[in-house]
Amino acid sequence: MIALAGVIALTALAGCATPPPADDKEAVAAFKEDNDPLEPLNRYLFEVNRGLDHLLLRPVAEIYRGALPDGARNSVRSVVDNLETPGIFVHDILQGEIDRASDSFGRFTTNTFYGPGGLNDVAAGDNPKNPDAGIPYHGEDLGQTMAVWGVGPGPYLMLPVLGPSNVRDALGSALNFYINPINYIVPNEHRSGFSIARTVVKGIDTRSRSIETFDEIERGSIDFYATVRSLYRQYRASEIANGRGPANPLPEMSQELEEDNKAERVSSVVKK
Amino acid sequence: MHRRKFLGLIALALAAAESVTPAAAKSQSRHLLPGEAKDLIKALGDAAVAMLSNKQLTKAEKTRQFRHLLNQSFALKGIARFALGRYWRRADFDQRRRYLKLFEDYIGNSYAARFGNYSGESFQVQKEKIDERGWAAVTTRIQRLGGEPVAVIWHLREHLGAVRIVDVVVEGISMSLTQRSDFAASIRTAGGDLDAFLDTLENKVRSIKSATN
């Protein structure tokens, strides 16, 4: 609640992104596509998060990666993923994904009993000769379930510490805690600690696997904030679609390529 | 060592990319035939893996060959126009020329930086799907040493007689779309001033170059 009040106060201080003049139709369309009315505040929080990453998360992730062999790190990830799986199972059901629900159920029982305790992802198989054998991990959360139910993302948000999100996903991650049945097996007074610990471990593990990738994206992009915003959107859209992306990818690209060919012919005639 | 084999693969990839059918010249674009895009991606992947894992090549030589592959197999001009979006139409002849040159440099250097340290990857072509526009989407899986397998989908289309890649989607993320968002935001920061943006792009290319050499 206090955090929310803080965010509202900061918003008031930072002001909102200025919409373009209404007669510039293309600019208005681009503004709507960005769906980022809090852009000035979001950009500020993005810089804060980058500072925190630089001072804390990245160094910890580097130490973690340096100290533990790959096998041990895979076990860490496997344990936290396994603890998340009962919740994923609930979301599979809520989304009407019966096959994926049965995958999650199978993964949880197999990895809990033969892992054991989730220490090894035996369900995934990890057979380099036959990568399609076994059941790979898939994630689900309340934000995705709400999206499947038809809830729109709402404006883009940069959350302090937690990173890129939107109104729907932020609400989803706040409430997701109540959905994972695993949280109810620990005594009430340890529940939130248990959940936060999992989030922290997962965060460090994920960061340790993306150090070089993130450096490359940052080095290659001109506006790093806008690049991350685009990456987050596309990543969420692909997660929500569960690998069944649009049948016709990049419709605007096909349009634009044709349009530009015409424009180009005109421009080559008009060439000064 | 495998230089001859490698050159052969490049030649194959180029032959596939350049294959022109007389009928195509009229309509500018035709529907891709089944297997056409798949074979092209297979040849390109094999050539790239052979080149990247060839330890006898110097880094500079790798970059040069990599950019050659990129230029031949990607519809760089189309991707560049898409990335600039609505600002392309407002740009004048000189701005367009400067932009296209910078874009090619930008993509060449950032991809060379990204893939330059790859070695020992396996590249597996899985399936191909042709949509109603006649474009193809080829699904591949790239396995890095000691890393997770990455799903990469290549979108290709035929235009003016050449079959070329128009987008690469890595784990659901489109490179072309991401670039477009990045450029649009950067131009807006520059207050819509295309020349200022082109200066920024030029500086970026320079900084990527100096970071990789």
# chains A, B, ... in the order shown; residues from 1 in each chain; ligands from 1

call {"tool": "closest_atom_pairs", "arguments": {"of": "chain B", "to": "chain A", "cutoff": "7 Å", "atoms": "only C-alpha atoms", "output": "tab-separated table"}}
result
residue	atom	partner	partner_atom	distance
B:Gly78	CA	A:Leu257	CA	6.3
B:Phe82	CA	A:Met253	CA	6.5
B:Ser110	CA	A:Gly220	CA	6.0
B:Arg114	CA	A:Glu216	CA	6.8
B:Asp131	CA	A:Asn248	CA	6.8
B:Gly172	CA	A:Ser238	CA	5.3
B:Ile173	CA	A:Gln234	CA	5.6
B:Thr178	CA	A:Ser230	CA	5.8
B:Ser181	CA	A:Ser230	CA	6.4
B:Asp182	CA	A:Thr227	CA	5.1
B:Ala185	CA	A:Ala226	CA	6.2
B:Ser186	CA	A:Asp223	CA	5.7
B:Lys204	CA	A:Ile222	CA	6.9
B:Ile208	CA	A:Arg219	CA	6.9

call {"tool": "residues_around", "arguments": {"residues": "His155 in chain B", "least_positions_apart": "2", "cutoff": "8 Å", "atoms": "only C-alpha atoms", "output": "PyMOL selection string"}}
result
chain B and resi 135-138+153+157+165-169

call {"tool": "residues_around", "arguments": {"residues": "Glu104 in chain B", "least_positions_apart": "3", "cutoff": "9 Å", "atoms": "only C-alpha atoms", "output": "list in words"}}
result
Asn71, Leu76, Lys77, Ala80, Tyr99, Leu100, Lys101, Ile107, Gly108 and Asn109 of chain B

call {"tool": "write_last_selection", "arguments": {"atoms": "N, CA and C atoms", "output": "mmCIF file, in the first residue's frame"}}
result
data_model
loop_
_atom_site.group_PDB
_atom_site.id
_atom_site.type_symbol
_atom_site.label_atom_id
_atom_site.label_comp_id
_atom_site.auth_asym_id
_atom_site.auth_seq_id
_atom_site.Cartn_x
_atom_site.Cartn_y
_atom_site.Cartn_z
ATOM 1 N N ASN B 71 24.848 -10.267 -46.233
ATOM 2 C CA ASN B 71 24.419 -9.445 -47.368
ATOM 3 C C ASN B 71 23.710 -10.259 -48.432
ATOM 4 N N LEU B 76 18.338 -6.966 -46.737
ATOM 5 C CA LEU B 76 18.749 -5.880 -45.833
ATOM 6 C C LEU B 76 18.031 -4.561 -46.112
ATOM 7 N N LYS B 77 17.814 -4.251 -47.395
ATOM 8 C CA LYS B 77 17.150 -2.981 -47.704
ATOM 9 C C LYS B 77 15.720 -2.972 -47.198
ATOM 10 N N ALA B 80 15.715 -2.722 -43.487
ATOM 11 C CA ALA B 80 16.088 -1.361 -43.111
ATOM 12 C C ALA B 80 14.896 -0.414 -43.216
ATOM 13 N N TYR B 99 21.295 6.342 -44.637
ATOM 14 C CA TYR B 99 20.692 5.399 -43.699
ATOM 15 C C TYR B 99 20.937 3.950 -44.123
ATOM 16 N N LEU B 100 20.709 3.645 -45.405
ATOM 17 C CA LEU B 100 20.873 2.267 -45.871
ATOM 18 C C LEU B 100 22.310 1.790 -45.669
ATOM 19 N N LYS B 101 23.239 2.668 -45.939
ATOM 20 C CA LYS B 101 24.656 2.330 -45.758
ATOM 21 C C LYS B 101 24.951 2.058 -44.276
ATOM 22 N N ILE B 107 23.920 -3.663 -38.750
ATOM 23 C CA ILE B 107 23.532 -5.066 -38.645
ATOM 24 C C ILE B 107 24.752 -5.977 -38.777
ATOM 25 N N GLY B 108 25.594 -5.677 -39.760
ATOM 26 C CA GLY B 108 26.781 -6.500 -39.992
ATOM 27 C C GLY B 108 27.635 -6.575 -38.741
ATOM 28 N N ASN B 109 27.898 -5.416 -38.144
ATOM 29 C CA ASN B 109 28.767 -5.401 -36.971
ATOM 30 C C ASN B 109 28.104 -5.982 -35.742
#

call {"tool": "atom_distance", "arguments": {"atom1": "CA of Ser208 in chain A", "atom2": "CA of Ala61 in chain A"}}
result
4.7 Å

call {"tool": "residues_around", "arguments": {"residues": "Ser122 in chain B", "least_positions_apart": "5", "cutoff": "10 Å", "atoms": "only C-alpha atoms", "output": "PyMOL selection string"}}
result
chain B and resi 45-46+49+141-145+149

call {"tool": "write_last_selection", "arguments": {"atoms": "C-alpha atoms", "output": "JSON list (two decimals), in the first residue's frame"}}
result
[["chain", "number", "residue", "atom", "x", "y", "z"],
["B", 45, "GLY", "CA", 23.30, -22.68, -41.41],
["B", 46, "ASP", "CA", 25.87, -25.25, -42.51],
["B", 49, "VAL", "CA", 28.60, -23.19, -38.58],
["B", 141, "ARG", "CA", 16.97, -25.32, -33.30],
["B", 142, "ILE", "CA", 20.43, -24.07, -32.44],
["B", 143, "GLN", "CA", 22.27, -25.95, -29.73],
["B", 144, "ARG", "CA", 25.11, -24.05, -28.12],
["B", 145, "LEU", "CA", 27.88, -25.84, -26.28],
["B", 149, "PRO", "CA", 18.82, -25.09, -27.19]]

call {"tool": "select_by_dssp", "arguments": {"residues": "range 102-250 of chain A", "states": "helix (DSSP H, G or I)", "output": "ChimeraX atom specification"}}
result
/A:102-114,122-124,142-148,167-178,181-184,188-208,211-220,224-240

call {"tool": "atom_distance", "arguments": {"atom1": "CA of Pro19 in chain A", "atom2": "CA of Gly191 in chain B"}}
result
13.2 Å

call {"tool": "atom_distance", "arguments": {"atom1": "CA of Arg73 in chain A", "atom2": "CA of Arg207 in chain A"}}
result
11.9 Å

call {"tool": "residues_around", "arguments": {"residues": "range 160-166 of chain A", "least_positions_apart": "2", "cutoff": "8 Å", "atoms": "only C-alpha atoms", "output": "CSV table (one decimal) with C-alpha atoms, in the first residue's frame"}}
result
chain,number,residue,atom,x,y,z
A,45,LEU,CA,12.9,3.6,-12.6
A,46,PHE,CA,14.7,1.8,-15.4
A,48,VAL,CA,17.4,2.9,-10.9
A,49,ASN,CA,17.0,-0.8,-11.7
A,52,LEU,CA,20.8,-1.9,-8.7
A,153,PRO,CA,-2.2,-5.7,-20.7
A,154,GLY,CA,-2.9,-2.1,-19.7
A,155,PRO,CA,-0.1,0.5,-19.8
A,156,TYR,CA,3.6,-0.6,-19.6
A,157,LEU,CA,5.1,-0.3,-16.2
A,158,MET,CA,8.7,-0.5,-15.0
A,168,ARG,CA,-2.1,-6.8,-15.7
A,169,ASP,CA,1.1,-8.6,-15.1
A,170,ALA,CA,2.0,-6.6,-12.1
A,228,VAL,CA,13.7,-3.7,-23.4
A,229,ARG,CA,10.1,-2.5,-23.6
A,232,TYR,CA,9.2,-7.6,-22.8

call {"tool": "residues_around", "arguments": {"residues": "range 90-92 of chain A", "least_positions_apart": "6", "cutoff": "7 Å", "atoms": "only C-alpha atoms", "output": "PyMOL selection string"}}
result
chain A and resi 98+100-101+140-141+145
